[in-house]
Structure formats: C-alpha cells, structure tokens
$ cat coords05.txt   # compact mmCIF, C-alpha atoms
# COMPACT_ATOMS: atom_id res chain seq x y z
CA MET N 18 -26.24 84.76 -40.55
CA ILE N 19 -26.22 82.33 -37.64
CA ILE N 20 -27.93 79.05 -38.48
CA THR N 21 -30.09 77.66 -35.66
CA LYS N 22 -32.57 74.86 -35.26
CA ALA N 23 -35.22 74.59 -32.56
CA LYS N 24 -34.67 72.18 -29.72
CA PRO N 25 -37.43 69.63 -29.12
CA PHE N 26 -40.14 71.07 -26.87
CA GLU N 27 -39.47 68.30 -24.36
CA GLU N 28 -35.90 69.54 -23.85
CA ILE N 29 -37.14 72.97 -22.80
CA LEU N 30 -39.62 71.75 -20.21
CA PRO N 31 -37.13 70.75 -17.46
CA PHE N 32 -35.75 74.31 -17.38
CA VAL N 33 -39.15 75.89 -16.78
CA GLU N 34 -40.38 73.26 -14.31
CA GLY N 35 -41.60 75.01 -11.16
CA ARG N 36 -41.13 78.50 -12.59
CA LYS N 37 -43.96 80.98 -12.05
CA SER N 38 -42.94 83.90 -14.25
CA ILE N 39 -41.44 82.83 -17.56
CA PHE N 40 -40.33 85.49 -20.03
CA ILE N 41 -39.42 84.80 -23.67
CA ILE N 42 -36.96 86.80 -25.77
CA GLY N 43 -36.86 86.28 -29.52
CA CYS N 44 -34.47 87.52 -32.19
CA ASN N 45 -35.71 89.52 -35.14
CA VAL N 46 -32.66 88.93 -37.34
CA CYS N 47 -31.06 85.49 -37.83
CA ALA N 48 -33.53 83.43 -35.79
CA ALA N 49 -36.45 85.18 -37.46
CA LYS N 50 -35.08 84.24 -40.90
CA MET N 51 -34.56 80.67 -39.72
CA ARG N 52 -38.07 80.65 -38.22
CA THR N 53 -36.68 79.66 -34.86
CA GLY N 54 -37.18 82.92 -32.98
CA GLY N 55 -39.27 85.49 -34.82
CA GLU N 56 -42.63 86.72 -33.55
CA PRO N 57 -44.67 83.76 -34.85
CA GLU N 58 -42.32 81.29 -33.18
CA VAL N 59 -42.25 83.26 -29.90
CA LEU N 60 -46.06 83.31 -29.77
CA GLU N 61 -46.25 79.62 -30.64
CA LEU N 62 -43.82 78.64 -27.87
CA ALA N 63 -45.64 80.86 -25.37
CA ASP N 64 -48.92 79.20 -26.27
CA ARG N 65 -47.49 75.68 -25.98
CA LEU N 66 -45.94 76.42 -22.60
CA GLU N 67 -49.17 77.96 -21.32
CA GLN N 68 -51.11 74.90 -22.44
CA ALA N 69 -48.60 72.72 -20.63
CA GLY N 70 -49.22 74.66 -17.42
CA HIS N 71 -46.15 76.93 -17.46
CA PRO N 72 -47.10 80.59 -16.92
CA ILE N 73 -45.75 83.12 -19.43
CA ILE N 74 -45.70 86.70 -18.16
CA GLY N 75 -44.50 88.31 -21.37
CA TRP N 76 -42.15 88.37 -24.30
CA ALA N 77 -39.93 90.76 -26.23
CA LEU N 78 -38.43 90.85 -29.69
CA PRO N 79 -35.24 92.92 -29.80
CA THR N 80 -33.71 93.60 -33.18
CA ALA N 81 -31.03 91.00 -32.41
CA ALA N 82 -30.67 89.06 -29.19
CA CYS N 83 -26.88 89.19 -29.54
CA SER N 84 -26.82 93.00 -29.49
CA VAL N 85 -28.97 93.73 -26.43
CA ARG N 86 -27.22 96.69 -24.79
CA SER N 87 -28.54 96.47 -21.26
CA PHE N 88 -31.32 95.22 -19.01
CA ASP N 89 -33.00 98.62 -19.42
CA HIS N 90 -33.07 98.01 -23.16
CA LEU N 91 -35.14 94.89 -22.53
CA VAL N 92 -37.36 96.70 -20.01
CA ALA N 93 -38.10 99.28 -22.70
CA LYS N 94 -39.39 96.44 -24.89
CA ASN N 95 -41.56 94.96 -22.14
CA GLU N 96 -41.32 95.99 -18.49
CA LYS N 97 -42.81 92.68 -17.35
CA ILE N 98 -39.32 91.23 -17.68
CA LYS N 99 -38.65 92.80 -14.27
CA ASP N 100 -40.88 90.13 -12.72
CA ALA N 101 -39.39 87.16 -14.57
CA ASP N 102 -37.96 84.26 -12.60
CA CYS N 103 -36.45 82.72 -15.75
CA ILE N 104 -35.86 83.72 -19.36
CA LEU N 105 -36.00 81.66 -22.55
CA VAL N 106 -33.98 83.05 -25.45
CA MET N 107 -35.06 82.02 -28.93
CA GLY N 108 -31.81 82.99 -30.60
CA CYS N 109 -28.31 81.59 -31.05
CA GLY N 110 -25.84 80.77 -28.31
CA SER N 111 -24.38 84.25 -28.58
CA GLY N 112 -27.77 85.86 -28.03
CA THR N 113 -28.41 83.65 -25.03
CA SER N 114 -25.04 84.60 -23.54
CA VAL N 115 -25.64 88.32 -24.06
CA VAL N 116 -29.07 88.21 -22.43
CA SER N 117 -27.62 86.24 -19.54
CA SER N 118 -24.93 88.90 -19.03
CA VAL N 119 -27.49 91.70 -18.51
CA THR N 120 -29.98 89.81 -16.33
CA ASN N 121 -29.85 88.16 -12.90
CA VAL N 122 -32.25 85.24 -13.37
CA PRO N 123 -31.69 81.81 -14.97
CA VAL N 124 -31.43 82.02 -18.78
CA THR N 125 -31.42 79.25 -21.36
CA GLY N 126 -31.69 79.00 -25.12
CA THR N 127 -34.41 77.17 -27.01
CA ASN N 128 -32.27 76.63 -30.12
CA GLU N 129 -29.23 74.68 -31.17
CA THR N 130 -26.60 76.86 -32.83
CA VAL N 131 -25.54 74.96 -35.94
CA SER N 132 -23.17 77.13 -37.95
CA LEU N 133 -22.52 80.44 -39.63
CA GLY N 134 -24.47 80.54 -42.87
CA GLY N 135 -26.16 83.00 -45.14
CA CYS N 136 -29.11 83.54 -47.44
CA LEU N 137 -28.93 82.55 -51.07
CA GLY N 138 -31.89 84.46 -52.41
CA LEU N 139 -34.67 83.86 -49.91
CA HIS N 140 -33.34 80.50 -48.79
CA PRO N 141 -31.03 80.11 -45.77
CA SER N 142 -27.90 78.15 -46.60
CA GLU N 143 -26.11 76.29 -43.82
CA HIS N 144 -22.43 75.66 -43.21
CA LEU N 145 -20.96 78.49 -45.26
CA CYS N 146 -18.40 79.19 -42.52
CA ILE N 147 -17.38 77.40 -39.32
CA LEU N 148 -15.31 80.24 -37.85
CA CYS N 149 -12.06 78.24 -38.03
CA GLY N 150 -9.76 81.22 -37.58
CA GLU N 151 -7.59 80.15 -40.55
CA CYS N 152 -9.60 81.47 -43.47
CA ASN N 153 -8.35 80.59 -46.94
CA ILE N 154 -11.69 80.78 -48.72
CA GLY N 155 -10.10 82.97 -51.40
CA ASP N 156 -8.12 79.97 -52.59
CA PHE N 157 -11.43 78.35 -53.55
CA SER N 158 -13.13 81.43 -55.00
CA GLY N 159 -15.44 81.94 -52.04
CA ILE N 160 -16.51 78.34 -51.37
CA CYS N 161 -15.18 76.86 -48.12
CA PRO N 162 -14.43 73.12 -48.21
CA ASN N 163 -13.62 73.11 -44.50
CA ALA N 164 -17.17 74.19 -43.71
CA ARG N 165 -19.12 72.46 -46.44
CA CYS N 166 -17.39 69.08 -46.65
CA PRO N 167 -18.44 66.70 -43.85
CA LYS N 168 -14.88 65.34 -43.87
CA SER N 169 -13.29 68.81 -44.15
CA GLN N 170 -11.33 67.66 -47.21
CA MET N 171 -8.91 70.45 -48.10
CA ASN N 172 -7.19 68.99 -51.17
CA GLY N 173 -9.92 67.58 -53.33
CA PRO N 174 -12.84 65.21 -52.98
CA CYS N 175 -12.74 61.96 -51.06
CA GLY N 176 -13.03 58.62 -52.86
CA GLY N 177 -16.70 58.34 -51.98
CA SER N 178 -18.11 61.25 -53.95
CA LYS N 179 -19.97 60.16 -57.06
CA ASN N 180 -21.52 62.08 -59.96
CA GLY N 181 -20.99 65.34 -58.11
CA LYS N 182 -22.81 64.11 -55.00
CA CYS N 183 -21.50 63.81 -51.45
CA GLU N 184 -20.78 60.36 -50.03
CA VAL N 185 -22.24 61.32 -46.62
CA SER N 186 -25.53 62.47 -48.12
CA ARG N 187 -26.36 61.81 -51.76
CA GLU N 188 -28.92 64.61 -51.56
CA ASN N 189 -26.09 67.14 -51.25
CA GLU N 190 -23.69 68.23 -53.93
CA CYS N 191 -20.04 67.51 -53.21
CA VAL N 192 -18.42 70.83 -52.31
CA TRP N 193 -15.41 69.92 -54.40
CA TYR N 194 -17.67 69.49 -57.42
CA LEU N 195 -19.00 73.01 -56.74
CA ILE N 196 -15.48 74.38 -56.30
CA GLU N 197 -14.31 72.79 -59.55
CA GLN N 198 -17.29 74.16 -61.46
CA LYS N 199 -16.75 77.65 -60.07
CA MET N 200 -12.98 77.68 -60.59
CA ASP N 201 -13.38 76.36 -64.13
CA SER N 202 -15.89 79.09 -64.98
CA ILE N 203 -13.42 81.80 -63.94
CA HIS N 204 -10.38 80.03 -65.44
CA LEU N 205 -8.62 79.30 -62.14
CA ILE N 206 -8.57 75.49 -62.23
CA PRO N 207 -4.72 75.32 -62.24
CA THR N 208 -4.56 76.93 -58.80
CA LEU N 209 -6.36 73.91 -57.32
CA SER N 210 -3.11 71.96 -57.67
CA ASP N 211 -1.65 73.98 -54.78
CA ILE N 212 -1.44 71.78 -51.67
CA GLN N 213 -3.38 73.10 -48.67
CA MET N 214 -2.06 72.48 -45.18
CA PRO N 215 -4.38 70.73 -42.71
CA LYS N 216 -6.49 72.98 -40.49
CA ASN N 217 -5.57 73.43 -36.84
CA HIS N 218 -8.75 72.28 -35.13
CA LEU N 219 -7.38 73.32 -31.73
CA ILE N 220 -7.83 77.04 -32.52
$ encode --input "coords05.txt" --output "structure tokens"
Amino acid sequence: MIITKAKPFEEILPFVEGRKSIFIIGCNVCAAKMRTGGEPEVLELADRLEQAGHPIIGWALPTAACSVRSFDHLVAKNEKIKDADCILVMGCGSGTSVVSSVTNVPVTGTNETVSLGGCLGLHPSEHLCILCGECNIGDFSGICPNARCPKSQMNGPCGGSKNGKCEVSRENECVWYLIEQKMDSIHLIPTLSDIQMPKNHLI
C-alpha cells in the first residue's frame, strides 16, 4: 500500500488559481485507506475549493488512480471531465502520473507520496519498504532496517537507541529491537552476525 499524506490546502490553491472547470479524481484503494483520497476526502476538498471561489465541475473515484486505463475510462465515471481545464488527483505520485498520461489538461496531485507501507490489522503502517531495488528483507525475517531505521542502519542499532526506542523519535521502537525480538523468537539470532553490505542509494 502506498502511504500518502495530504498537502496543506494552501499549497493546492496556486494550481487552481484562475481555473474555471476543476475536476477531482480520488483513489478508492491506498488513498482511501489513508483517508487522503477516498470519497469523503474528495467531497471535503471540493467543498473547500468551492467556498474559496474555485468552481468544481465534478469528481470521479476510480478503483485505483494508478490503474486508470484510458481517458474513456474516466469519462465513463463522470463525463463532465471532458469540460475540465485542470485536474486534481487525490492519490499517490503514480496515480497522478497515470492520470496525466491519459488527459490533455494540467494535472497535479494533492498528496505527498511518503513510502510503500501496508496495513497491520486496520491500521496503516508506514515505511515498510522504500523500493531500494536491493531487497534482503529475508535476512531480517521480513523486517526491513533500510526502510524503518531513520539512519538506514544495516548491521545493528546505532549508539543512540535506548530501551528499545529509536534515537530520532523516542515514540518509535528501534527497528533493530524489533528485528532482534523476531529473530530470537524463531531461533535465528546467530544469523544477525552476518555483515551486510551498504545499500547503493544511486539505484
């Protein structure tokens, strides 16, 4: 699941300044779960823009903004998109790019794309994967230190972690504490002595 967070309303306003026919596209998968692009959020943004004097001509909620097949697919959701002079996409960067590729008017996203995460129960969990292209998550029994450690420590915790908490934010558990607990529970602690090579951040 792609983790997104809504941009401040003030950052969206310059894009719609002077526009007469604004159309909003949400995302009924990741952004809906994150509450950054489901139907309630689309309607809320439309209302705020209208109150600020920016005319909304319609909106659509495809299953996923990143899998829109064609402009006709969007027209089938709401034909008013034909009259749009700009489009706001309440999805991730991928969804915004896909919508842009099938339309011929200015398109921008209303969200910041943070990371690739997932849902633990009903709760979204951020930074489960950062798409590094050098995945060795199996060495840590499914917990990625590259994604979940602010310092991307690959060979154990830094000197600042304390009582299982992260130095950067004491509200968060140190990922290496979590890795140690998990590896100990499945009797794989000895494998943590293997030295991991640094990640290539140029990939």
$ atom_distance --input "coords05.txt" --atom1 "atom CA of N:Val59" --atom2 "atom CA of N:Asn128"
12.0 Å
$ atom_distance --input "coords05.txt" --atom1 "atom CA of N:Glu27" --atom2 "atom CA of N:Ala77"
22.5 Å
$ closest_residue --input "coords05.txt" --among "N:Ser38, N:Ser84, N:Asn217, N:Asn189" --to "N:Gly112" --atoms "all atoms listed in the file"
N:Ser84
$ residues_around --input "coords05.txt" --residues "N:Lys199" --least-positions-apart "5" --cutoff "12 Å" --atoms "all atoms listed in the file" --output "list in words"
Asp156, Phe157, Ser158, Gly159, Ile160, Val192, Trp193, Tyr194, His204, Leu205, Ile206 and Leu209 of chain N
$ atom_distance --input "coords05.txt" --atom1 "atom CA of N:Gly176" --atom2 "atom CA of N:Val131"
26.6 Å
$ residues_around --input "coords05.txt" --residues "N:Val115" --least-positions-apart "3" --cutoff "7 Å" --atoms "only C-alpha atoms" --output "mmCIF file with C-alpha atoms, in the frame of the given file"
data_model
loop_
_atom_site.group_PDB
_atom_site.id
_atom_site.type_symbol
_atom_site.label_atom_id
_atom_site.label_comp_id
_atom_site.auth_asym_id
_atom_site.auth_seq_id
_atom_site.Cartn_x
_atom_site.Cartn_y
_atom_site.Cartn_z
ATOM 1 C CA CYS N 83 -26.880 89.190 -29.540
ATOM 2 C CA VAL N 85 -28.970 93.730 -26.430
ATOM 3 C CA SER N 111 -24.380 84.250 -28.580
ATOM 4 C CA GLY N 112 -27.770 85.860 -28.030
ATOM 5 C CA SER N 118 -24.930 88.900 -19.030
ATOM 6 C CA VAL N 119 -27.490 91.700 -18.510
#
$ closest_residue --input "coords05.txt" --among "N:Gly75, N:Arg86, N:Asp102, N:Gly108" --to "N:Ala48" --atoms "only C-alpha atoms"
N:Gly108
$ residues_around --input "coords05.txt" --residues "N:Asn172" --least-positions-apart "2" --cutoff "12 Å" --atoms "all atoms listed in the file" --output "list in words"
Asp156, Phe157, Cys161, Pro162, Asn163, Cys166, Lys168, Ser169, Gln170, Pro174, Cys175, Val192, Trp193, Ile196, Glu197, Thr208, Leu209, Ser210, Asp211, Ile212, Gln213, Met214, Pro215 and Lys216 of chain N
$ closest_residue --input "coords05.txt" --among "N:Val185, N:Ile42, N:Met200, N:Ile73" --to "N:Glu58" --atoms "all atoms listed in the file"
N:Ile42
$ closest_residue --input "coords05.txt" --among "N:Ser132, N:Gly126, N:Glu61, N:Ser202" --to "N:Glu28" --atoms "all atoms listed in the file"
N:Gly126
